[in-house]
Amino acid sequence: MTAPMFGATAHPKRRSSVHKTAATKAHTVTQASARTQVGRPVPHRSSGRVRFTTAAFVSGRPSTRVSRLGLRRRAPVEHWTTPNYADSTDGDLVDGEDLVVRKAAVDALGPLNGTIVITDPQSGRILSIVNQKLAYKSGFQPCSTIKLVAALAGLNEGIIDQDSLMQTGAPHRLNLTEAIAKSDNSYFAEVGNKLGYDRVTRYAKLMGLGEKSSTIDEEKAGHWPAQPPADGGVGMMTSFGLGITLTPLELADLVSAIANGGTLYTLQHPRTLDEMAQFVPRVRRHFEFAPLIPNIKPGMMGAVEFGTARRATFDPNAPIFGKTGTCTDKNSPTHLGWFGSFNEIGTKKIVVVVLLTGAGKVNGPIASGVAGAVYKNLAQVDYFGQGIDALSLGSTACCR
């Protein structure tokens with residue numbers, strides 16, 4: 001897969017005079033009246049439900065024009081502090097890493113500012129972490145990756161099933177597979193509202209959110225809020241991850257449990273020959289809802305085949321399952337692009353989690369393209385078919 005590039009979007013065609021006339025009648029929406037925050041969706045309450053307006057995705061100056069034709073921004077000003085590009089290998093310790101996996105990840109990430117965590121979902125062993133400083137931080141808003149938690153909780157509580165349809169905006173109704181594949185916000189806001197804060201919290205903690213996921217001393221746990229956010233409630237938690245922080249390691253652990261059928265391991269990153277020789281998987285818990293995991297896999301595959309993660313595709317005969325996430329972390333501030341994924345290729349399964357950070361030009365689809373490049377790079381050296389094991393204690397120029 002060709003490395004993702006920015007700025008390839010075509011310029012929109014010049015509007016007709018009819019469009020211009022309609023645009024001049026647009027309403028001016030201020031931050032105060034729309035309750036708009038930089039890069040963050042704004043809920044609109046109606047009949048006790050959360051709906052999402054076009055004004056919800058405004059970023060920039062307080063004065064924003066919204067018309068029947070869609071969203072227009074007047075002289076946007078970006079407030080980002082995180083660069084799109086960086087040397088994401090700086091300071092990494094490669095002792096004990098699978099250098100074949102690491103090279104595939106480093107090459108896929110290229111100059112982008114981000115981190116990649118790759119694990120063996122059958123044992124909880126970390127194969128490689130690119131940009132360890134970022135991966136060990138206390139976490140970022142999980143964006144739409146939180147929908148995996150909402151989906152499993154909703155299934156186990158009988159609120160949804162794989163086939164039932166939910167109204168997400170007239171006249172379209174979605175089933176669970178489409179909602180995951182297309183990352184439908186209204187669908188998962190509705191699931192969250194029906195679950196309520198207490199039940200969402202219970203399932204999130206069962207899945208490891210808000211606690212350390214590994215034996216790595218430097219890792220800091222993510223955060224689970226003590227109450228739902230005042231602006232949007234539980235619906236915003238389960239559709240955008242508002243109020244939650246998640247680390248790439250925590251997402252890798254959760255996706256590993258989905259990939260292996262319901263076992264949550266403590267992630268381990270053996271660094272020395274002795275640690276590698278004595279490695280034993282550490283099971284944290286088994287999911288009580290493990291039999292329901294197959295119900296979300298079609299949606300995760302659909303994300304790659306026809307949904308938000310189409311850039312991850314590199315071979316139609318090599319299925320990848322994943323979930324994207326795109327949002328702004330207001331605490332940084334930085335724009336985020338997430339992709340949590342696993343493969344079912346050959347004799348080896350791996351989990352690949354990508355988190356990109358930057359100044360508004362990163363998103364989940366781009367992160368999925370990076371992950372797709374990792375799988376492609378590994379397939380080209382027959383990693384999945386031959387079971388290549390290239391563990392090394394030394395560093396190499398390609399894998400720093």
# chains A, B, ... in the order shown; residues from 1 in each chain; ligands from 1
$ residues_around --residues "Asn295 in chain A" --least-positions-apart "6" --cutoff "9 Å" --atoms "only C-alpha atoms" --output "CSV table (one decimal) with N, CA and C atoms, in the first residue's frame"
chain,number,residue,atom,x,y,z
A,152,LEU,N,-20.7,-4.5,22.3
A,152,LEU,CA,-20.7,-5.7,23.1
A,152,LEU,C,-21.6,-5.6,24.3
A,155,LEU,N,-25.3,-5.8,23.0
A,155,LEU,CA,-25.6,-7.2,22.7
A,155,LEU,C,-25.9,-8.0,23.9
A,161,ASP,N,-29.4,-6.6,18.6
A,161,ASP,CA,-28.8,-7.9,18.1
A,161,ASP,C,-28.2,-7.6,16.7
A,162,GLN,N,-27.6,-8.6,16.1
A,162,GLN,CA,-26.9,-8.4,14.9
A,162,GLN,C,-27.8,-7.9,13.8
A,176,LEU,N,-26.5,-3.7,13.1
A,176,LEU,CA,-25.3,-3.5,13.8
A,176,LEU,C,-24.1,-3.5,12.9
A,177,THR,N,-24.1,-4.4,11.9
A,177,THR,CA,-22.9,-4.5,11.0
A,177,THR,C,-22.7,-3.2,10.3
$ residues_around --residues "Cys327 in chain A" --least-positions-apart "2" --cutoff "8 Å" --atoms "only C-alpha atoms" --output "MDAnalysis selection string"
chainID A and resid 39:40 141 143 240 325 329 335:337 363
$ write_last_selection --atoms "N, CA and C atoms" --output "mmCIF file, in the first residue's frame"
data_model
loop_
_atom_site.group_PDB
_atom_site.id
_atom_site.type_symbol
_atom_site.label_atom_id
_atom_site.label_comp_id
_atom_site.auth_asym_id
_atom_site.auth_seq_id
_atom_site.Cartn_x
_atom_site.Cartn_y
_atom_site.Cartn_z
ATOM 1 N N GLY A 39 -13.483 21.280 17.265
ATOM 2 C CA GLY A 39 -13.357 19.909 16.829
ATOM 3 C C GLY A 39 -14.200 18.916 17.585
ATOM 4 N N ARG A 40 -15.233 19.396 18.337
ATOM 5 C CA ARG A 40 -15.977 18.475 19.160
ATOM 6 C C ARG A 40 -17.451 18.535 18.811
ATOM 7 N N GLN A 141 -8.583 10.689 24.034
ATOM 8 C CA GLN A 141 -9.979 10.361 23.790
ATOM 9 C C GLN A 141 -10.055 9.236 22.754
ATOM 10 N N CYS A 143 -12.349 8.367 20.749
ATOM 11 C CA CYS A 143 -13.159 8.647 19.566
ATOM 12 C C CYS A 143 -14.094 7.452 19.315
ATOM 13 N N PHE A 240 -18.616 9.022 20.832
ATOM 14 C CA PHE A 240 -17.386 9.784 20.589
ATOM 15 C C PHE A 240 -16.304 9.543 21.643
ATOM 16 N N GLY A 325 -11.383 5.573 14.448
ATOM 17 C CA GLY A 325 -11.832 6.635 15.347
ATOM 18 C C GLY A 325 -11.209 7.952 14.929
ATOM 19 N N ASP A 329 -8.868 15.748 20.618
ATOM 20 C CA ASP A 329 -8.642 15.687 22.058
ATOM 21 C C ASP A 329 -8.453 17.107 22.550
ATOM 22 N N HIS A 335 -5.577 16.679 16.972
ATOM 23 C CA HIS A 335 -6.524 15.864 16.234
ATOM 24 C C HIS A 335 -6.027 14.427 16.279
ATOM 25 N N LEU A 336 -6.959 13.472 16.326
ATOM 26 C CA LEU A 336 -6.611 12.072 16.520
ATOM 27 C C LEU A 336 -7.150 11.205 15.391
ATOM 28 N N GLY A 337 -6.360 10.243 14.990
ATOM 29 C CA GLY A 337 -6.809 9.203 14.078
ATOM 30 C C GLY A 337 -6.451 7.850 14.652
ATOM 31 N N ASN A 363 -6.818 11.339 10.601
ATOM 32 C CA ASN A 363 -8.115 10.793 10.946
ATOM 33 C C ASN A 363 -8.040 9.267 10.950
#
$ closest_residue --among "A:His286, A:His269, A:Lys147, A:Lys376" --to "Gly96 in chain A" --atoms "only C-alpha atoms"
A:His269
$ residues_around --residues "range 178-187 of chain A" --least-positions-apart "3" --cutoff "9 Å" --atoms "only C-alpha atoms" --output "PyMOL selection string"
chain A and resi 50-52+144-145+147-148+151+166-169+174-175+190-192+235-236+238-240+296+298-309+322-325
$ residues_around --residues "range 222-224 of chain A" --least-positions-apart "2" --cutoff "6 Å" --atoms "only C-alpha atoms" --output "list of chain:residue names"
A:Ser138, A:Gly139, A:Gly210, A:Ile244, A:Thr245, A:Leu246, A:Thr247
$ write_last_selection --atoms "N, CA and C atoms" --output "PDB file, in the first residue's frame"
ATOM      1  N   SER A 138      -0.697   8.847  29.315  1.00  0.00           N
ATOM      2  CA  SER A 138      -1.920   8.540  30.064  1.00  0.00           C
ATOM      3  C   SER A 138      -3.162   8.446  29.192  1.00  0.00           C
ATOM      4  N   GLY A 139      -3.028   8.593  27.899  1.00  0.00           N
ATOM      5  CA  GLY A 139      -4.145   8.294  27.026  1.00  0.00           C
ATOM      6  C   GLY A 139      -4.738   9.496  26.327  1.00  0.00           C
ATOM      7  N   GLY A 210      -9.541   2.154  31.746  1.00  0.00           N
ATOM      8  CA  GLY A 210      -9.290   2.853  33.001  1.00  0.00           C
ATOM      9  C   GLY A 210      -8.260   2.183  33.884  1.00  0.00           C
ATOM     10  N   ILE A 244     -13.544  10.176  28.264  1.00  0.00           N
ATOM     11  CA  ILE A 244     -12.732   8.973  28.471  1.00  0.00           C
ATOM     12  C   ILE A 244     -11.346   9.206  27.895  1.00  0.00           C
ATOM     13  N   THR A 245     -10.331   8.640  28.518  1.00  0.00           N
ATOM     14  CA  THR A 245      -9.020   8.574  27.869  1.00  0.00           C
ATOM     15  C   THR A 245      -8.605   7.112  27.775  1.00  0.00           C
ATOM     16  N   LEU A 246      -8.030   6.777  26.637  1.00  0.00           N
ATOM     17  CA  LEU A 246      -7.634   5.414  26.330  1.00  0.00           C
ATOM     18  C   LEU A 246      -6.208   5.438  25.814  1.00  0.00           C
ATOM     19  N   THR A 247      -5.392   4.485  26.240  1.00  0.00           N
ATOM     20  CA  THR A 247      -4.035   4.389  25.717  1.00  0.00           C
ATOM     21  C   THR A 247      -4.012   3.419  24.539  1.00  0.00           C
TER      22      THR A 247
END
$ closest_residue --among "A:Gly158, A:Gly372, A:Ala359, A:Thr347" --to "Thr328 in chain A" --atoms "only C-alpha atoms"
A:Ala359
$ atom_distance --atom1 "CA of Leu112 in chain A" --atom2 "CA of Val100 in chain A"
19.9 Å
$ closest_residue --among "A:Asn260, A:Ser332, A:Thr313, A:Thr357" --to "Leu109 in chain A" --atoms "only C-alpha atoms"
A:Thr357
$ closest_residue --among "A:Thr81, A:Met237, A:Val370, A:Ile160" --to "Asn331 in chain A" --atoms "only C-alpha atoms"
A:Thr81
$ residues_around --residues "Leu134 in chain A" --least-positions-apart "3" --cutoff "12 Å" --atoms "only C-alpha atoms" --output "compact mmCIF listing (two decimals) with N, CA and C atoms, in the first residue's frame"
# COMPACT_ATOMS: atom_id res chain seq x y z
N ALA A 86 6.78 13.83 12.49
CA ALA A 86 7.79 13.75 13.54
C ALA A 86 8.62 12.48 13.32
N ASP A 87 9.74 12.41 14.00
CA ASP A 87 10.51 11.17 14.04
C ASP A 87 9.92 10.32 15.16
N SER A 88 9.00 9.45 14.80
CA SER A 88 8.26 8.69 15.80
C SER A 88 9.06 7.54 16.39
N THR A 89 10.28 7.34 15.93
CA THR A 89 11.13 6.28 16.51
C THR A 89 12.10 6.83 17.54
N ASP A 90 12.14 8.12 17.72
CA ASP A 90 13.12 8.75 18.60
C ASP A 90 12.98 8.25 20.04
N GLY A 91 14.04 7.73 20.58
CA GLY A 91 14.06 7.30 21.97
C GLY A 91 13.55 5.89 22.21
N ASP A 92 13.11 5.18 21.16
CA ASP A 92 12.58 3.84 21.35
C ASP A 92 13.68 2.85 21.74
N ASN A 113 3.36 11.55 12.61
CA ASN A 113 3.47 11.65 14.06
C ASN A 113 2.44 10.71 14.68
N GLY A 114 2.93 9.64 15.29
CA GLY A 114 1.99 8.68 15.87
C GLY A 114 2.69 7.51 16.49
N THR A 115 1.90 6.52 16.85
CA THR A 115 2.44 5.32 17.48
C THR A 115 1.74 4.10 16.91
N ILE A 116 2.46 2.98 16.88
CA ILE A 116 1.89 1.70 16.46
C ILE A 116 2.23 0.67 17.52
N VAL A 117 1.21 -0.05 17.98
CA VAL A 117 1.40 -1.14 18.95
C VAL A 117 0.94 -2.43 18.27
N ILE A 129 6.52 -1.85 19.65
CA ILE A 129 5.89 -0.56 19.91
C ILE A 129 6.74 0.51 19.25
N VAL A 130 6.18 1.18 18.27
CA VAL A 130 6.85 2.31 17.63
C VAL A 130 6.35 3.58 18.30
N ASN A 131 7.27 4.43 18.70
CA ASN A 131 6.97 5.64 19.48
C ASN A 131 6.45 5.27 20.86
N LYS A 137 1.88 7.16 27.34
CA LYS A 137 1.22 8.31 27.96
C LYS A 137 -0.11 7.92 28.57
N SER A 138 -0.70 8.85 29.32
CA SER A 138 -1.92 8.54 30.06
C SER A 138 -3.16 8.45 29.19
N GLY A 139 -3.03 8.59 27.90
CA GLY A 139 -4.15 8.29 27.03
C GLY A 139 -4.74 9.50 26.33
N PHE A 140 -5.60 9.19 25.37
CA PHE A 140 -6.29 10.18 24.56
C PHE A 140 -7.75 9.77 24.44
N GLU A 218 6.57 2.08 32.64
CA GLU A 218 6.34 3.44 32.14
C GLU A 218 4.89 3.69 31.72
N GLU A 219 4.13 2.62 31.52
CA GLU A 219 2.75 2.80 31.04
C GLU A 219 1.89 3.48 32.11
N LYS A 220 1.11 4.45 31.68
CA LYS A 220 0.14 5.12 32.55
C LYS A 220 -1.26 4.69 32.12
N LEU A 246 -8.03 6.78 26.64
CA LEU A 246 -7.63 5.41 26.33
C LEU A 246 -6.21 5.44 25.81
N THR A 247 -5.39 4.49 26.24
CA THR A 247 -4.03 4.39 25.72
C THR A 247 -4.01 3.42 24.54
N PRO A 248 -3.04 3.55 23.64
CA PRO A 248 -2.91 2.56 22.57
C PRO A 248 -2.73 1.14 23.08
N LEU A 249 -2.08 0.99 24.23
CA LEU A 249 -1.91 -0.33 24.81
C LEU A 249 -3.25 -0.89 25.29
N VAL A 354 -3.06 1.60 15.58
CA VAL A 354 -2.39 2.82 15.11
C VAL A 354 -3.09 4.01 15.74
N LEU A 355 -2.31 4.92 16.30
CA LEU A 355 -2.82 6.22 16.75
C LEU A 355 -1.98 7.30 16.09
N LEU A 356 -2.63 8.16 15.32
CA LEU A 356 -1.97 9.31 14.71
C LEU A 356 -2.41 10.56 15.44
N THR A 357 -1.46 11.47 15.67
CA THR A 357 -1.78 12.76 16.27
C THR A 357 -1.29 13.86 15.34
$ select_by_dssp --residues "range 63-218 of chain A" --states "alpha helix (DSSP H)" --output "ChimeraX atom specification"
/A:99-109,132-135,147-156,176-181,185-195,197-206
$ decode --residues "range 311-326 of chain A" --atoms "C-alpha atoms" --output "PDB file, in the first residue's frame"
ATOM      1  CA  ARG A 311      -7.648   2.181   3.116  1.00  0.00           C
ATOM      2  CA  ALA A 312      -6.579  -0.852   5.149  1.00  0.00           C
ATOM      3  CA  THR A 313      -7.382  -3.228   2.290  1.00  0.00           C
ATOM      4  CA  PHE A 314      -4.336  -4.661   0.554  1.00  0.00           C
ATOM      5  CA  ASP A 315      -5.525  -8.145  -0.483  1.00  0.00           C
ATOM      6  CA  PRO A 316      -9.185  -9.262  -0.789  1.00  0.00           C
ATOM      7  CA  ASN A 317      -8.100 -12.757   0.244  1.00  0.00           C
ATOM      8  CA  ALA A 318      -6.468 -11.518   3.456  1.00  0.00           C
ATOM      9  CA  PRO A 319      -9.283 -10.328   5.746  1.00  0.00           C
ATOM     10  CA  ILE A 320      -8.647  -7.566   8.258  1.00  0.00           C
ATOM     11  CA  PHE A 321     -11.086  -6.620  11.017  1.00  0.00           C
ATOM     12  CA  GLY A 322     -10.986  -3.157  12.541  1.00  0.00           C
ATOM     13  CA  LYS A 323     -12.574  -0.022  13.917  1.00  0.00           C
ATOM     14  CA  THR A 324     -11.580   3.545  13.160  1.00  0.00           C
ATOM     15  CA  GLY A 325     -11.832   6.635  15.347  1.00  0.00           C
ATOM     16  CA  THR A 326     -11.536  10.342  14.523  1.00  0.00           C
TER      17      THR A 326
END
